[in-house]
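Enquirer: Before I ask anything, let me first share the structure, which is written out below as structure tokens.
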Amino acid sequence: MSHPSQMSLPESGATDRVLELRGLKTYLFTEAGVVKAVDGVDLWVNRAEILGVVGESGCGKSMMARSILRLLPPPGRIVAGEVLLDGQDLMKLSDSQMQSLRGDAIAMVFQEPMTSLDPVYTAGNQIEEVLVAHRPGMSRKERAERVVELLRMVGIPSPEQRVNDYPHQLSGGMRQRVMIAIALACGSPRLLIADEPTTALDVTIQAQILELFQRLQAEIRMSVMLITHDLGVVAETAERVAVMYAGSVVEYADVDTLFENPRHPYTRGLLRALPQPGKDTRKGLLYTIPGVVPNLLDLPRGCRFFQRCPYGDVGLCLGAEPELELIEAGHSVRCSRVGDILQ
Amino acid sequence: MNRDCPPTDPSATGTPFFAVRGLKKYFPVRKGVFSRTIGHVQAVDGVNFEVRRGQTLGLVGESGCGKTTAARLILQLETPDTGEVILEGRNILGAKGPALRAYRRDVQMIFQDPYSSLNPHKTAWQTLAEPLRVHGLCHREEMPDRVAEVLESVSLSADFMDRYPHEFSGGQRQRLGIARALTVNPRVIVCDEPVSALDVSVRSQIINLLLELQQRRNLTYVFIAHDLALVEHVSDVVAVMYLGRIVEMAPTESFYARRLHPYSEALLSAIPTTHPKAKKERIVLQGDVPSPLNPPTGCRFRTRCPLVQDVCGEIEPVFREAAPGHWVACHFRG
Amino acid sequence: MRRLFRNRLFFLGVLILGPIFFAAVAAPLLSPFDPVQLDTANKLSPMSWVHPFGTDEYGRDLLARVLYGSRISLRVSAFACVLTTILGVILGALAGYCRAVDAAVSRVMDGLMNFPGIILGIMVIAALGQSETNVILSMTIMYTPRIVRVVRASVLEVKTFDFVDAARVVGIGDLRILVGHILPHIIAPLTVQVTFGFAWGILVESSLSFLGLGTPPPAPSWGNIISNGREFIRTAPWLMVFPGLIISATVMGLNLMGDGLRDILDPRLRNTARRIGTALE
């Protein structure tokens, strides 16, 4: 319990951690070089909690999600770190043990339901497949009933008819609900990892899906790791938030604190760049974060955000990469100048 | 069934600079060996709006509402079944030959996907020089200067001329797309979700570029997006589309002070805000958008509307001016 | 381009095809014999130093015949490829871009493709008579539908990309779009298809000649050499073996080149950078 970075994370007290990542490093070994997609990530999700993971492309959030499930595409490999599910290190499990956890204890929902669902099988078939894999004792009749029950649970109207629909016959929102039903098939997953689950959906449908997550969180005490680039989604749905940039967590806090008092320049930049309602600022120039997300093949030394940071100081920021430090109860920031950056 | 009265700003004088009247496009759905037409997708069903010069009309709606089709109709990428597109008093729909060419210099488009909207085989130079050549806008010797100029106006260095699209980042590609639109000196630009496919930290850069260009060149924008917060920021007038029709249209301030149509209200309340303390009454709509193949009779929104009554299924609501400049199509709010 | 030669399949193909091609071009230098020169005194003699491949029933040197035959086979197939490409690209591009043209062209092409194997070729020769030109013509008719299909599919796919719309919006005319923007994208699948077409052409020419419908005698072509050698299969097997081997080698070489090209050209279009990009998120 005395892993060095643990000291810098917000204290947990007696909370029950469903998932914990310690020093996770996932690298992609490509022809062009080593891409440090996830470079030392520590975070955790408590039971029946929604943790929001925010970041843009290249920040490593999807790679991190896949690392947890050990479903990395070929050039990727987990090179260091622990992934603890209720205290059990998933890195030490065999492939078949891992497979029995996937879809049962840990489930994942992806961004594009059209490509995550097999177009040649009906919705019912795909949900049933999970039951067949993890619950061999169920009879066909029991499975059929369970499938209809699941579709009802995720809010699909006329579930008895929808069971026989193919993905292309369902709308985007319904497909995503089917994905969630697949995730819930075996009962109560301890953790649901949702990777940009609503990005491809309309705003009104997104509201429905987020509401579904919250309902499931309340009803079956499911934890959710909600990965998204949309700060608004996180503000309204999550209880705690981790902000990722270029492979590491740069700020970590509960949701109210993050939005009221963001301390990392990147988080502050993201929030300031959002268009604000009100006539005074209308058609005025928005705040911008200059530059672009760095190329992970060629990361700069020192702080990875330095080149875009309005507070960057050559002396302090270019030397070593800053550590994630606890600056107040429940709030960690990775920034060498955090003390100087005030409201 | 009068739905032809576009809103006019009380302070406007004379004819509108850019207007769209009665735009309609139904796509036939064919099935069977002989391609029998079994129905029509009513993609755009009577759209009217107008924009004053130098201003921005924000067109908002979710998937299937017809905003993209409307954009394609305006740009003559599809031919409408009926309707007019009027630029400075002249209807240009149906124009051919030199008239169409002239229109293509006046009205341009910025596309959503920076990855598929640039030809991967052409360098920046080739992409930008081609319109100059085709329209005969300058002499051969002047071209490098003109191309460098337009690159500069989108904050891209002239050194990038010989680069291929895959050598640019997403944000830079979008700038290149904007540059392409600017080469012909347009007066109206239709921006179709110009930042949705970009990284969040890059979006504000592109929005600022568009705002600056509008200022400097007195451009008129039709800004299509699904992000209401963004639309509010950049628009002078907001129009909300649902299933092929505009259900509400108003100057931005008026719209944000008070939305009249229940769909607009739901749309706004569905957007997650980053002010967690603002606990709001969220209206979560039930069900999905009905198919445009078979839209509901009467008011198209009635299947999801919290205010629905019998009359909604029988009579189509008229698009009326409920408050000065603020138009809405609803039995109870119009 | 460098990657082309690093690809093992392509390289192997070139290795095999190179010498054959060279031999065809340099035929007069490689053999002192005239392929149609009769020398009945030496008829049906087996391999020897003088006649490395032996002689046929008229005493003609087999090596010389095979070498000169390769000129004909390669030439015929090459011409057919060129014609097929030109015709196929024009028809395929128009069919892909313009729906009205598509209806007509596709029906015709489907009809042509329905003819089994070489029947079509035989029909054309029967109708037009036997000559090298007609062989080229019939091969063109047989293979064009395949090229049309590939080109059309490519054009249909690229047509949906935004940059085509963007070009139209900015005022570029249809023809210019088709030629300048869309056609560059078909080069990859087209090259692969044409390479395989070349191999196919060799086989077809040989088959037609074998049936007595191809290159008229006494001009040697691989196919008619084999055909003549049929009677002597027991007494002088070399008459069939050598041309047969050469045909196999050529076709294999071309197929390897085609496979190699396909490996390199097709996935390259799915930009590697983008794949890594999405993998990173």
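Letters A, B, ... go to the chains of the structure tokens in the order shown; residues in each chain start at 1; ligands are counted from 1 in the same order.
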DSSP on the backbone, helix (DSSP H, G or I) only: what residues of segment 29-252 of chain C does that give? Format it as a ChimeraX atom specification.

Expert: /C:29-30,40-42,62-97,99-113,119-128,132-159,162-169,174-210,222-232,238-252

Enquirer: Given only C-alpha atoms, how would the per-residue table for chain A near chain B read, listing every residue at most 7 Å away with its closest atom pair and distance in Å to one decimal, sorted by chain and number, as JSON lines?

Expert:
{"residue": "A:Glu56", "atom": "CA", "partner": "B:Asp199", "partner_atom": "CA", "distance": 6.1}
{"residue": "A:Ser57", "atom": "CA", "partner": "B:Asp199", "partner_atom": "CA", "distance": 6.7}
{"residue": "A:Asp202", "atom": "CA", "partner": "B:Glu62", "partner_atom": "CA", "distance": 5.7}
{"residue": "A:Val203", "atom": "CA", "partner": "B:Ala270", "partner_atom": "CA", "distance": 6.0}
{"residue": "A:Thr204", "atom": "CA", "partner": "B:Ala270", "partner_atom": "CA", "distance": 5.5}
{"residue": "A:Ala207", "atom": "CA", "partner": "B:Ala270", "partner_atom": "CA", "distance": 5.6}
{"residue": "A:Gln208", "atom": "CA", "partner": "B:Val284", "partner_atom": "CA", "distance": 6.4}
{"residue": "A:Leu231", "atom": "CA", "partner": "B:Thr274", "partner_atom": "CA", "distance": 6.5}
{"residue": "A:Gly232", "atom": "CA", "partner": "B:Pro272", "partner_atom": "CA", "distance": 4.5}
{"residue": "A:Val233", "atom": "CA", "partner": "B:Pro272", "partner_atom": "CA", "distance": 5.4}
{"residue": "A:Ala235", "atom": "CA", "partner": "B:Thr274", "partner_atom": "CA", "distance": 5.3}
{"residue": "A:Glu236", "atom": "CA", "partner": "B:Pro272", "partner_atom": "CA", "distance": 6.1}
{"residue": "A:Asp256", "atom": "CA", "partner": "B:Pro276", "partner_atom": "CA", "distance": 6.5}
{"residue": "A:Phe259", "atom": "CA", "partner": "B:Thr274", "partner_atom": "CA", "distance": 6.9}
{"residue": "A:Leu270", "atom": "CA", "partner": "B:Ser201", "partner_atom": "CA", "distance": 6.3}
{"residue": "A:Ala273", "atom": "CA", "partner": "B:Ser204", "partner_atom": "CA", "distance": 6.1}
{"residue": "A:Pro275", "atom": "CA", "partner": "B:Leu230", "partner_atom": "CA", "distance": 5.9}
{"residue": "A:Pro277", "atom": "CA", "partner": "B:Ala229", "partner_atom": "CA", "distance": 6.8}
{"residue": "A:Lys279", "atom": "CA", "partner": "B:Glu253", "partner_atom": "CA", "distance": 6.8}
{"residue": "A:Arg282", "atom": "CA", "partner": "B:His233", "partner_atom": "CA", "distance": 4.8}
{"residue": "A:Lys283", "atom": "CA", "partner": "B:Val234", "partner_atom": "CA", "distance": 4.9}
{"residue": "A:Leu285", "atom": "CA", "partner": "B:Asn208", "partner_atom": "CA", "distance": 5.3}
{"residue": "A:Leu286", "atom": "CA", "partner": "B:Ser204", "partner_atom": "CA", "distance": 5.8}
{"residue": "A:Tyr287", "atom": "CA", "partner": "B:Ser204", "partner_atom": "CA", "distance": 6.8}
{"residue": "A:Thr288", "atom": "CA", "partner": "B:Ser204", "partner_atom": "CA", "distance": 5.5}
{"residue": "A:Ile289", "atom": "CA", "partner": "B:Ser201", "partner_atom": "CA", "distance": 6.0}

Enquirer: Give me, as a PDB file with N, CA and C atoms, in the first residue's frame, the residues of chain B touching chain C, with the criterion being at most 6 Å (counting only C-alpha atoms).

Expert:
ATOM      1  N   ARG B 104     -21.106  29.613 -58.072  1.00  0.00           N
ATOM      2  CA  ARG B 104     -20.110  28.845 -57.346  1.00  0.00           C
ATOM      3  C   ARG B 104     -18.983  29.729 -56.852  1.00  0.00           C
ATOM      4  N   SER B 116     -11.722  13.448 -45.184  1.00  0.00           N
ATOM      5  CA  SER B 116     -12.217  13.050 -46.500  1.00  0.00           C
ATOM      6  C   SER B 116     -12.506  14.242 -47.400  1.00  0.00           C
ATOM      7  N   SER B 117     -12.392  15.463 -46.879  1.00  0.00           N
ATOM      8  CA  SER B 117     -12.742  16.592 -47.738  1.00  0.00           C
ATOM      9  C   SER B 117     -11.565  17.139 -48.528  1.00  0.00           C
ATOM     10  N   LEU B 118     -10.388  16.544 -48.363  1.00  0.00           N
ATOM     11  CA  LEU B 118      -9.247  16.953 -49.183  1.00  0.00           C
ATOM     12  C   LEU B 118      -8.772  15.751 -49.982  1.00  0.00           C
ATOM     13  N   ASN B 119      -8.451  15.976 -51.252  1.00  0.00           N
ATOM     14  CA  ASN B 119      -7.983  14.892 -52.094  1.00  0.00           C
ATOM     15  C   ASN B 119      -6.581  14.477 -51.667  1.00  0.00           C
TER      16      ASN B 119
END

Enquirer: Just asking: which residues within segment 110-335 of chain A are strand (DSSP E or B) according to DSSP, as number ranges by chain?

Expert: A: 191-195, 223-228, 240-245, 248-254, 325-328, 331-333

Enquirer: Would you pick out the contacts of Arg143 of chain A at 9 Å or less, using only C-alpha atoms, so that residues sharing its chain but fewer than 6 positions from it are not included, and give the list as a list in words?

Expert: Glu128, Leu131 and Val132 of chain A

Enquirer: Distance table requested - segment 137-218 of chain C against segment 69-85 of chain C, cut-off 10 Å, only C-alpha atoms: one row per qualifying residue with the closest atom pair and its distance in Å to one decimal, ordered by chain and rising residue number, as JSON lines.

Expert:
{"residue": "C:Leu137", "atom": "CA", "partner": "C:Ala80", "partner_atom": "CA", "distance": 7.0}
{"residue": "C:Ser138", "atom": "CA", "partner": "C:Ala80", "partner_atom": "CA", "distance": 8.6}
{"residue": "C:Met139", "atom": "CA", "partner": "C:Ala80", "partner_atom": "CA", "distance": 6.1}
{"residue": "C:Thr140", "atom": "CA", "partner": "C:Thr84", "partner_atom": "CA", "distance": 5.2}
{"residue": "C:Ile141", "atom": "CA", "partner": "C:Thr84", "partner_atom": "CA", "distance": 7.7}
{"residue": "C:Met142", "atom": "CA", "partner": "C:Thr84", "partner_atom": "CA", "distance": 9.0}
{"residue": "C:Tyr143", "atom": "CA", "partner": "C:Thr84", "partner_atom": "CA", "distance": 6.7}
{"residue": "C:Thr144", "atom": "CA", "partner": "C:Thr84", "partner_atom": "CA", "distance": 5.1}
{"residue": "C:Pro145", "atom": "CA", "partner": "C:Thr84", "partner_atom": "CA", "distance": 8.8}
{"residue": "C:Arg146", "atom": "CA", "partner": "C:Thr84", "partner_atom": "CA", "distance": 9.3}
{"residue": "C:Ile147", "atom": "CA", "partner": "C:Thr85", "partner_atom": "CA", "distance": 6.9}
{"residue": "C:Val148", "atom": "CA", "partner": "C:Thr85", "partner_atom": "CA", "distance": 8.7}
{"residue": "C:Val151", "atom": "CA", "partner": "C:Thr85", "partner_atom": "CA", "distance": 9.8}
{"residue": "C:Leu190", "atom": "CA", "partner": "C:Thr85", "partner_atom": "CA", "distance": 8.3}
{"residue": "C:Thr191", "atom": "CA", "partner": "C:Thr85", "partner_atom": "CA", "distance": 9.4}
{"residue": "C:Gln193", "atom": "CA", "partner": "C:Thr85", "partner_atom": "CA", "distance": 9.6}
{"residue": "C:Val194", "atom": "CA", "partner": "C:Cys81", "partner_atom": "CA", "distance": 6.7}
{"residue": "C:Thr195", "atom": "CA", "partner": "C:Cys81", "partner_atom": "CA", "distance": 8.6}
{"residue": "C:Phe196", "atom": "CA", "partner": "C:Cys81", "partner_atom": "CA", "distance": 9.9}
{"residue": "C:Gly197", "atom": "CA", "partner": "C:Cys81", "partner_atom": "CA", "distance": 6.8}
{"residue": "C:Phe198", "atom": "CA", "partner": "C:Ser77", "partner_atom": "CA", "distance": 5.9}
{"residue": "C:Ala199", "atom": "CA", "partner": "C:Ser77", "partner_atom": "CA", "distance": 8.1}
{"residue": "C:Trp200", "atom": "CA", "partner": "C:Ser77", "partner_atom": "CA", "distance": 8.4}
{"residue": "C:Gly201", "atom": "CA", "partner": "C:Ser77", "partner_atom": "CA", "distance": 5.0}
{"residue": "C:Ile202", "atom": "CA", "partner": "C:Ser77", "partner_atom": "CA", "distance": 5.9}
{"residue": "C:Leu203", "atom": "CA", "partner": "C:Ser73", "partner_atom": "CA", "distance": 9.0}
{"residue": "C:Val204", "atom": "CA", "partner": "C:Ser77", "partner_atom": "CA", "distance": 8.7}
{"residue": "C:Glu205", "atom": "CA", "partner": "C:Ser73", "partner_atom": "CA", "distance": 6.6}
{"residue": "C:Ser206", "atom": "CA", "partner": "C:Ser73", "partner_atom": "CA", "distance": 7.4}
{"residue": "C:Ser209", "atom": "CA", "partner": "C:Ser73", "partner_atom": "CA", "distance": 9.8}
{"residue": "C:Thr215", "atom": "CA", "partner": "C:Ile72", "partner_atom": "CA", "distance": 8.2}

Enquirer: With only C-alpha atoms as the basis for distance, which of A:Leu93, A:Cys59, A:Leu150, A:Leu19 is at the shortest distance from chain C?

Expert: A:Cys59

Enquirer: Kindly provide, as a VMD selection string, the residues of chain A having any atom no farther than 10 Å from an atom of chain C, counting only C-alpha atoms.

Expert: chain A and resid 27 to 28 30 32 35 to 38 55 to 65 72 to 76 195 246 to 247 295 to 296

Enquirer: Kindly save the residues from that selection, with N, CA and C atoms included, as a PDB file, in the first residue's frame.

Expert:
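out13.pdb written:
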ATOM      1  N   TYR A  27       2.731   0.573 -24.138  1.00  0.00           N
ATOM      2  CA  TYR A  27       3.454   1.168 -25.267  1.00  0.00           C
ATOM      3  C   TYR A  27       3.079   0.450 -26.557  1.00  0.00           C
ATOM      4  N   LEU A  28       3.137   1.188 -27.657  1.00  0.00           N
ATOM      5  CA  LEU A  28       2.909   0.588 -28.965  1.00  0.00           C
ATOM      6  C   LEU A  28       4.241   0.505 -29.682  1.00  0.00           C
ATOM      7  N   THR A  30       5.780   0.263 -32.807  1.00  0.00           N
ATOM      8  CA  THR A  30       5.502   0.347 -34.233  1.00  0.00           C
ATOM      9  C   THR A  30       6.792   0.448 -35.025  1.00  0.00           C
ATOM     10  N   ALA A  32       7.624   2.806 -36.804  1.00  0.00           N
ATOM     11  CA  ALA A  32       8.163   4.162 -36.741  1.00  0.00           C
ATOM     12  C   ALA A  32       8.801   4.465 -35.389  1.00  0.00           C
ATOM     13  N   VAL A  35       5.568   4.196 -29.300  1.00  0.00           N
ATOM     14  CA  VAL A  35       4.570   5.186 -28.926  1.00  0.00           C
ATOM     15  C   VAL A  35       4.179   4.928 -27.481  1.00  0.00           C
ATOM     16  N   LYS A  36       4.463   5.902 -26.616  1.00  0.00           N
ATOM     17  CA  LYS A  36       4.141   5.692 -25.203  1.00  0.00           C
ATOM     18  C   LYS A  36       2.698   6.134 -24.953  1.00  0.00           C
ATOM     19  N   ALA A  37       1.799   5.284 -25.360  1.00  0.00           N
ATOM     20  CA  ALA A  37       0.391   5.675 -25.323  1.00  0.00           C
ATOM     21  C   ALA A  37      -0.106   5.932 -23.904  1.00  0.00           C
ATOM     22  N   VAL A  38       0.231   5.040 -22.999  1.00  0.00           N
ATOM     23  CA  VAL A  38      -0.152   5.224 -21.596  1.00  0.00           C
ATOM     24  C   VAL A  38       1.153   5.166 -20.829  1.00  0.00           C
ATOM     25  N   GLY A  55     -10.258  13.491 -22.075  1.00  0.00           N
ATOM     26  CA  GLY A  55      -9.040  13.758 -22.818  1.00  0.00           C
ATOM     27  C   GLY A  55      -9.346  13.759 -24.299  1.00  0.00           C
ATOM     28  N   GLU A  56      -8.387  14.228 -25.066  1.00  0.00           N
ATOM     29  CA  GLU A  56      -8.602  14.282 -26.513  1.00  0.00           C
ATOM     30  C   GLU A  56      -7.889  13.123 -27.189  1.00  0.00           C
ATOM     31  N   SER A  57      -7.850  13.168 -28.520  1.00  0.00           N
ATOM     32  CA  SER A  57      -7.198  12.073 -29.215  1.00  0.00           C
ATOM     33  C   SER A  57      -5.715  12.079 -28.865  1.00  0.00           C
ATOM     34  N   GLY A  58      -5.175  10.919 -28.687  1.00  0.00           N
ATOM     35  CA  GLY A  58      -3.763  10.819 -28.361  1.00  0.00           C
ATOM     36  C   GLY A  58      -3.458  10.876 -26.882  1.00  0.00           C
ATOM     37  N   CYS A  59      -4.478  11.053 -26.048  1.00  0.00           N
ATOM     38  CA  CYS A  59      -4.179  11.145 -24.615  1.00  0.00           C
ATOM     39  C   CYS A  59      -4.022   9.784 -23.992  1.00  0.00           C
ATOM     40  N   GLY A  60      -4.435   8.753 -24.674  1.00  0.00           N
ATOM     41  CA  GLY A  60      -4.237   7.415 -24.137  1.00  0.00           C
ATOM     42  C   GLY A  60      -5.436   6.813 -23.447  1.00  0.00           C
ATOM     43  N   LYS A  61      -6.562   7.494 -23.449  1.00  0.00           N
ATOM     44  CA  LYS A  61      -7.686   6.977 -22.677  1.00  0.00           C
ATOM     45  C   LYS A  61      -8.222   5.667 -23.231  1.00  0.00           C
ATOM     46  N   SER A  62      -8.292   5.542 -24.546  1.00  0.00           N
ATOM     47  CA  SER A  62      -8.801   4.289 -25.101  1.00  0.00           C
ATOM     48  C   SER A  62      -7.814   3.156 -24.905  1.00  0.00           C
ATOM     49  N   MET A  63      -6.542   3.465 -25.048  1.00  0.00           N
ATOM     50  CA  MET A  63      -5.530   2.438 -24.818  1.00  0.00           C
ATOM     51  C   MET A  63      -5.583   1.966 -23.384  1.00  0.00           C
ATOM     52  N   MET A  64      -5.846   2.902 -22.483  1.00  0.00           N
ATOM     53  CA  MET A  64      -5.919   2.533 -21.082  1.00  0.00           C
ATOM     54  C   MET A  64      -7.097   1.592 -20.862  1.00  0.00           C
ATOM     55  N   ALA A  65      -8.232   1.925 -21.497  1.00  0.00           N
ATOM     56  CA  ALA A  65      -9.412   1.080 -21.331  1.00  0.00           C
ATOM     57  C   ALA A  65      -9.130  -0.324 -21.846  1.00  0.00           C
ATOM     58  N   LEU A  72      -5.534  -5.457 -26.243  1.00  0.00           N
ATOM     59  CA  LEU A  72      -4.754  -4.486 -27.010  1.00  0.00           C
ATOM     60  C   LEU A  72      -4.512  -4.947 -28.437  1.00  0.00           C
ATOM     61  N   PRO A  73      -4.617  -4.020 -29.397  1.00  0.00           N
ATOM     62  CA  PRO A  73      -4.280  -4.373 -30.773  1.00  0.00           C
ATOM     63  C   PRO A  73      -2.774  -4.632 -30.887  1.00  0.00           C
ATOM     64  N   PRO A  74      -2.369  -5.452 -31.826  1.00  0.00           N
ATOM     65  CA  PRO A  74      -1.006  -5.993 -31.914  1.00  0.00           C
ATOM     66  C   PRO A  74       0.194  -5.108 -31.601  1.00  0.00           C
ATOM     67  N   PRO A  75       0.375  -3.940 -32.137  1.00  0.00           N
ATOM     68  CA  PRO A  75       1.655  -3.358 -31.732  1.00  0.00           C
ATOM     69  C   PRO A  75       1.684  -2.908 -30.274  1.00  0.00           C
ATOM     70  N   GLY A  76       0.570  -3.058 -29.562  1.00  0.00           N
ATOM     71  CA  GLY A  76       0.511  -2.570 -28.189  1.00  0.00           C
ATOM     72  C   GLY A  76       0.843  -3.650 -27.181  1.00  0.00           C
ATOM     73  N   ASP A 195     -16.417   3.695 -23.483  1.00  0.00           N
ATOM     74  CA  ASP A 195     -15.459   4.518 -24.233  1.00  0.00           C
ATOM     75  C   ASP A 195     -16.200   5.367 -25.257  1.00  0.00           C
ATOM     76  N   ALA A 246      -1.708  13.346 -23.290  1.00  0.00           N
ATOM     77  CA  ALA A 246      -0.494  12.712 -23.813  1.00  0.00           C
ATOM     78  C   ALA A 246      -0.005  11.559 -22.938  1.00  0.00           C
ATOM     79  N   GLY A 247      -0.901  10.708 -22.534  1.00  0.00           N
ATOM     80  CA  GLY A 247      -0.489   9.476 -21.865  1.00  0.00           C
ATOM     81  C   GLY A 247      -0.459   9.477 -20.355  1.00  0.00           C
ATOM     82  N   ASN A 295       3.027  14.738 -30.773  1.00  0.00           N
ATOM     83  CA  ASN A 295       3.179  13.457 -31.425  1.00  0.00           C
ATOM     84  C   ASN A 295       3.776  12.476 -30.432  1.00  0.00           C
ATOM     85  N   LEU A 296       3.050  11.424 -30.145  1.00  0.00           N
ATOM     86  CA  LEU A 296       3.522  10.516 -29.107  1.00  0.00           C
ATOM     87  C   LEU A 296       4.776   9.740 -29.495  1.00  0.00           C
TER      88      LEU A 296
END

Enquirer: Can you tell me how far atom CA of Val333 of chain A sits from atom CA of Asp86 of chain A, in Å to one decimal?

Expert: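 Distance between the two atoms: 25.7 Å.
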
Enquirer: If we count only C-alpha atoms, what is near Thr82 of chain B at a cut-off of 9 Å, once residues fewer than 6 positions away on the same chain are taken out, given as a PyMOL selection string?

Expert: chain B and resi 22-25+46
